[in-house]
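Visitor: Have a look at this one.
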Amino acid sequence: GARIATPPTATLEKLGDANLTVKDPNEDIRGRKVIDKNGDDAGTVDDLPIDSQEQKVRLTEVGSGGFLGMGQTKVLVPIDASTRNSDDAVHIDHTREHVARAPRYDPALTADQQYWGGIYNYYGYGPFWGVGYTYPGYPYFC
């Protein structure tokens, strides 16, 4: 029979709050700058929301603006947007303007699949529960 895309029953949990670590410490991108496709600064990786069911990073929590963490704007960017990581930065295939206009991060919606789907749609990706979705090659957990 045909596979039907069914939203997961998982919730999103920040890696910082979960009792998990990335398998390779070099793949823990928290604290790194986010560089857009034009080479401009799009913010900083604040945390990595993972889904509680599969324990995979689904989104990158990006903070920008503000001072010393106060007044910062936080948005979510699908991990799929990452094109490569360097020692101090995560490079994404979108512009900082696009990221700045993204739906705001709302911790109250961590179990709302419609919210997740809207974020994936905003960036032009199919949701991770969609048929044919392929998880990016990193990061791995242990």
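By order in the structure tokens, chains are A, B, ...; within a chain, residues start at 1; ligands start at 1, following the order shown.
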Identify, on the basis of only C-alpha atoms, every residue whose closest approach to region 113-129 of chain A does not exceed 9 Å; exclude the query and any residue fewer than 2 positions from it along the same chain; express the result as a list in words.
Guide: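 Once the adjacent positions are removed, what remains is Ala5, Thr6, Pro7, Pro8, Thr9, Ala10, Thr11, Arg58, Leu76, Val77, Pro78, Asp80, Ala81, His94, His98, Val99, Ala102, Pro103, Leu109, Thr110, Ala111, Val131, Gly132, Tyr133, Thr134 and Tyr135 of chain A.
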Visitor: Can I get the selection written as a CSV table (one decimal), in the first residue's frame, with N, CA, C and O atoms?
Guide:
```csv
chain,number,residue,atom,x,y,z
A,5,ALA,N,2.0,10.3,4.6
A,5,ALA,CA,2.8,11.2,5.5
A,5,ALA,C,2.0,11.5,6.7
A,5,ALA,O,1.0,12.2,6.7
A,6,THR,N,2.4,11.0,7.8
A,6,THR,CA,1.7,11.2,9.1
A,6,THR,C,2.6,12.0,10.0
A,6,THR,O,3.8,11.6,10.3
A,7,PRO,N,2.1,13.1,10.5
A,7,PRO,CA,3.0,13.9,11.4
A,7,PRO,C,3.3,13.1,12.7
A,7,PRO,O,2.6,12.2,13.1
A,8,PRO,N,4.5,13.3,13.2
A,8,PRO,CA,5.0,12.5,14.4
A,8,PRO,C,4.2,12.9,15.6
A,8,PRO,O,3.6,14.0,15.7
A,9,THR,N,4.3,12.0,16.6
A,9,THR,CA,3.6,12.3,17.9
A,9,THR,C,4.7,12.9,18.8
A,9,THR,O,4.4,13.1,20.0
A,10,ALA,N,5.9,13.1,18.4
A,10,ALA,CA,7.0,13.6,19.2
A,10,ALA,C,6.8,15.0,19.5
A,10,ALA,O,6.1,15.8,18.9
A,11,THR,N,7.6,15.5,20.5
A,11,THR,CA,7.7,16.9,20.8
A,11,THR,C,9.1,17.3,20.6
A,11,THR,O,10.0,16.5,20.5
A,58,ARG,N,16.2,18.4,14.4
A,58,ARG,CA,15.3,18.8,13.3
A,58,ARG,C,15.5,20.2,12.9
A,58,ARG,O,15.3,20.6,11.8
A,76,LEU,N,13.6,29.6,14.2
A,76,LEU,CA,14.0,28.2,13.9
A,76,LEU,C,14.3,28.0,12.5
A,76,LEU,O,13.6,28.5,11.6
A,77,VAL,N,15.4,27.3,12.2
A,77,VAL,CA,15.8,27.1,10.8
A,77,VAL,C,16.0,25.5,10.7
A,77,VAL,O,16.7,24.9,11.5
A,78,PRO,N,15.3,24.9,9.7
A,78,PRO,CA,15.5,23.4,9.6
A,78,PRO,C,17.0,23.1,9.4
A,78,PRO,O,17.7,23.8,8.7
A,80,ASP,N,18.1,21.0,7.6
A,80,ASP,CA,18.3,20.8,6.2
A,80,ASP,C,18.9,22.0,5.5
A,80,ASP,O,19.4,21.8,4.4
A,81,ALA,N,18.7,23.2,6.1
A,81,ALA,CA,19.3,24.4,5.4
A,81,ALA,C,20.8,24.5,5.5
A,81,ALA,O,21.4,25.3,4.8
A,94,HIS,N,20.2,30.1,2.7
A,94,HIS,CA,19.2,31.2,2.7
A,94,HIS,C,19.8,32.5,3.1
A,94,HIS,O,21.0,32.5,3.6
A,98,HIS,N,15.8,36.5,4.9
A,98,HIS,CA,14.8,35.4,4.9
A,98,HIS,C,14.7,34.9,6.3
A,98,HIS,O,13.6,34.6,6.8
A,99,VAL,N,15.8,34.6,6.9
A,99,VAL,CA,15.8,34.1,8.3
A,99,VAL,C,15.2,35.1,9.2
A,99,VAL,O,14.4,34.7,10.1
A,102,ALA,N,11.4,34.9,9.3
A,102,ALA,CA,10.9,33.5,9.6
A,102,ALA,C,9.9,33.6,10.8
A,102,ALA,O,10.0,34.5,11.6
A,103,PRO,N,9.0,32.6,10.9
A,103,PRO,CA,8.2,32.5,12.1
A,103,PRO,C,9.0,32.5,13.4
A,103,PRO,O,10.0,31.8,13.4
A,109,LEU,N,4.9,25.9,21.5
A,109,LEU,CA,4.4,25.1,20.3
A,109,LEU,C,5.3,24.0,20.0
A,109,LEU,O,5.3,23.4,18.9
A,110,THR,N,6.1,23.5,21.0
A,110,THR,CA,7.0,22.4,20.7
A,110,THR,C,6.3,21.1,20.3
A,110,THR,O,7.0,20.2,19.8
A,111,ALA,N,5.0,20.9,20.6
A,111,ALA,CA,4.3,19.7,20.3
A,111,ALA,C,3.4,19.9,19.1
A,111,ALA,O,2.5,19.1,18.8
A,131,VAL,N,6.8,11.7,3.1
A,131,VAL,CA,7.2,10.5,2.3
A,131,VAL,C,8.5,10.9,1.5
A,131,VAL,O,8.5,12.0,0.9
A,132,GLY,N,9.5,10.1,1.6
A,132,GLY,CA,10.7,10.3,0.8
A,132,GLY,C,11.7,11.3,1.5
A,132,GLY,O,12.8,11.6,0.9
A,133,TYR,N,11.4,11.8,2.7
A,133,TYR,CA,12.3,12.6,3.4
A,133,TYR,C,13.6,11.9,3.7
A,133,TYR,O,13.6,10.8,4.2
A,134,THR,N,14.7,12.5,3.5
A,134,THR,CA,16.0,12.0,3.8
A,134,THR,C,16.7,12.9,4.9
A,134,THR,O,16.9,14.1,4.6
A,135,TYR,N,17.1,12.3,6.0
A,135,TYR,CA,17.7,13.1,7.0
A,135,TYR,C,19.1,13.4,6.6
A,135,TYR,O,19.9,12.6,6.1
```
Visitor: For region 38-55 of chain A, list every protein, DNA or RNA residue within 10 Å, evaluated using only C-alpha atoms, and leave out those in the same chain fewer than 5 positions away; present the list as number ranges by chain.
Guide: A: 8-18, 20, 28-33, 60-65, 69, 72-79, 89-100, 110-111, 140-142
Visitor: Among region 8-111 of chain A, which ones does DSSP assign to strand (DSSP E) (computed from the backbone)? Answer as number ranges by chain.
Guide: A: 12-14, 33-35, 41-47, 49-51, 56-57, 59-64, 73-78, 82-85, 89-92
Visitor: Keeping N, CA and C atoms, export the residues of the selection given above as a tab-separated table (two decimals), in the first residue's frame.
Guide:
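result39.tsv, written as the output of this step:
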```
chain	number	residue	atom	x	y	z
A	12	LEU	N	9.33	18.60	20.45
A	12	LEU	CA	10.68	19.10	20.28
A	12	LEU	C	11.27	19.40	21.65
A	13	GLU	N	12.50	18.99	21.84
A	13	GLU	CA	13.19	19.23	23.10
A	13	GLU	C	14.58	19.76	22.76
A	14	LYS	N	14.99	20.81	23.44
A	14	LYS	CA	16.31	21.38	23.17
A	14	LYS	C	17.39	20.41	23.62
A	33	LYS	N	28.47	30.93	14.82
A	33	LYS	CA	27.79	31.93	14.00
A	33	LYS	C	27.03	31.21	12.88
A	34	VAL	N	25.94	31.84	12.44
A	34	VAL	CA	25.21	31.36	11.28
A	34	VAL	C	25.53	32.30	10.13
A	35	ILE	N	26.08	31.76	9.05
A	35	ILE	CA	26.47	32.56	7.89
A	35	ILE	C	25.52	32.23	6.75
A	41	ASP	N	26.40	37.57	8.26
A	41	ASP	CA	26.06	37.05	9.58
A	41	ASP	C	24.54	37.02	9.75
A	42	ALA	N	23.99	35.85	10.04
A	42	ALA	CA	22.54	35.72	10.21
A	42	ALA	C	22.16	35.43	11.66
A	43	GLY	N	23.14	35.41	12.57
A	43	GLY	CA	22.84	35.15	13.98
A	43	GLY	C	23.79	34.13	14.56
A	44	THR	N	23.36	33.51	15.66
A	44	THR	CA	24.15	32.53	16.38
A	44	THR	C	23.28	31.33	16.72
A	45	VAL	N	23.85	30.13	16.66
A	45	VAL	CA	23.11	28.92	17.04
A	45	VAL	C	22.99	28.91	18.56
A	46	ASP	N	21.76	29.07	19.06
A	46	ASP	CA	21.52	29.07	20.51
A	46	ASP	C	21.30	27.66	21.04
A	47	ASP	N	20.60	26.84	20.27
A	47	ASP	CA	20.35	25.47	20.71
A	47	ASP	C	19.90	24.64	19.52
A	49	PRO	N	16.94	22.04	18.70
A	49	PRO	CA	15.75	21.26	19.03
A	49	PRO	C	15.78	19.90	18.35
A	50	ILE	N	15.59	18.86	19.15
A	50	ILE	CA	15.55	17.50	18.64
A	50	ILE	C	14.15	16.95	18.84
A	51	ASP	N	13.78	15.96	18.05
A	51	ASP	CA	12.48	15.34	18.31
A	51	ASP	C	12.68	14.20	19.30
A	56	LYS	N	16.71	13.04	16.86
A	56	LYS	CA	17.46	13.64	15.77
A	56	LYS	C	17.24	15.15	15.81
A	57	VAL	N	18.28	15.89	15.49
A	57	VAL	CA	18.14	17.34	15.39
A	57	VAL	C	17.22	17.62	14.21
A	59	LEU	N	15.77	21.07	13.90
A	59	LEU	CA	15.83	22.51	13.65
A	59	LEU	C	17.03	23.10	14.37
A	60	THR	N	17.41	24.28	13.94
A	60	THR	CA	18.47	25.04	14.59
A	60	THR	C	17.81	26.27	15.18
A	61	GLU	N	17.97	26.49	16.48
A	61	GLU	CA	17.45	27.71	17.11
A	61	GLU	C	18.50	28.80	16.92
A	62	VAL	N	18.11	29.85	16.20
A	62	VAL	CA	19.04	30.92	15.86
A	62	VAL	C	18.61	32.20	16.55
A	63	GLY	N	19.54	32.82	17.27
A	63	GLY	CA	19.28	34.10	17.92
A	63	GLY	C	20.03	35.19	17.19
A	64	SER	N	19.39	36.36	17.06
A	64	SER	CA	20.07	37.49	16.42
A	64	SER	C	19.63	38.78	17.09
A	73	THR	N	16.08	38.19	19.04
A	73	THR	CA	15.02	37.56	18.26
A	73	THR	C	15.45	36.12	18.02
A	74	LYS	N	14.53	35.18	18.27
A	74	LYS	CA	14.85	33.77	18.05
A	74	LYS	C	13.93	33.19	17.00
A	75	VAL	N	14.53	32.50	16.04
A	75	VAL	CA	13.79	31.81	14.99
A	75	VAL	C	14.32	30.39	14.89
A	76	LEU	N	13.58	29.55	14.19
A	76	LEU	CA	14.01	28.18	13.95
A	76	LEU	C	14.32	28.02	12.46
A	77	VAL	N	15.41	27.34	12.18
A	77	VAL	CA	15.81	27.05	10.81
A	77	VAL	C	15.97	25.54	10.70
A	78	PRO	N	15.32	24.90	9.72
A	78	PRO	CA	15.49	23.45	9.58
A	78	PRO	C	16.96	23.08	9.42
A	82	SER	N	21.38	23.71	6.42
A	82	SER	CA	22.83	23.77	6.60
A	82	SER	C	23.53	23.17	5.39
A	83	THR	N	24.46	23.94	4.83
A	83	THR	CA	25.22	23.44	3.68
A	83	THR	C	26.58	22.91	4.10
A	84	ARG	N	27.16	23.50	5.15
A	84	ARG	CA	28.41	23.00	5.69
A	84	ARG	C	28.66	23.67	7.04
A	85	ASN	N	29.53	23.04	7.82
A	85	ASN	CA	29.94	23.59	9.10
A	85	ASN	C	31.44	23.84	9.06
A	89	ALA	N	31.45	28.39	12.47
A	89	ALA	CA	30.22	28.83	11.80
A	89	ALA	C	29.45	27.69	11.17
A	90	VAL	N	28.15	27.95	11.01
A	90	VAL	CA	27.25	27.07	10.28
A	90	VAL	C	26.81	27.86	9.05
A	91	HIS	N	26.97	27.29	7.89
A	91	HIS	CA	26.60	27.97	6.65
A	91	HIS	C	25.26	27.43	6.17
A	92	ILE	N	24.36	28.33	5.81
A	92	ILE	CA	23.02	27.94	5.37
A	92	ILE	C	22.75	28.46	3.96
```
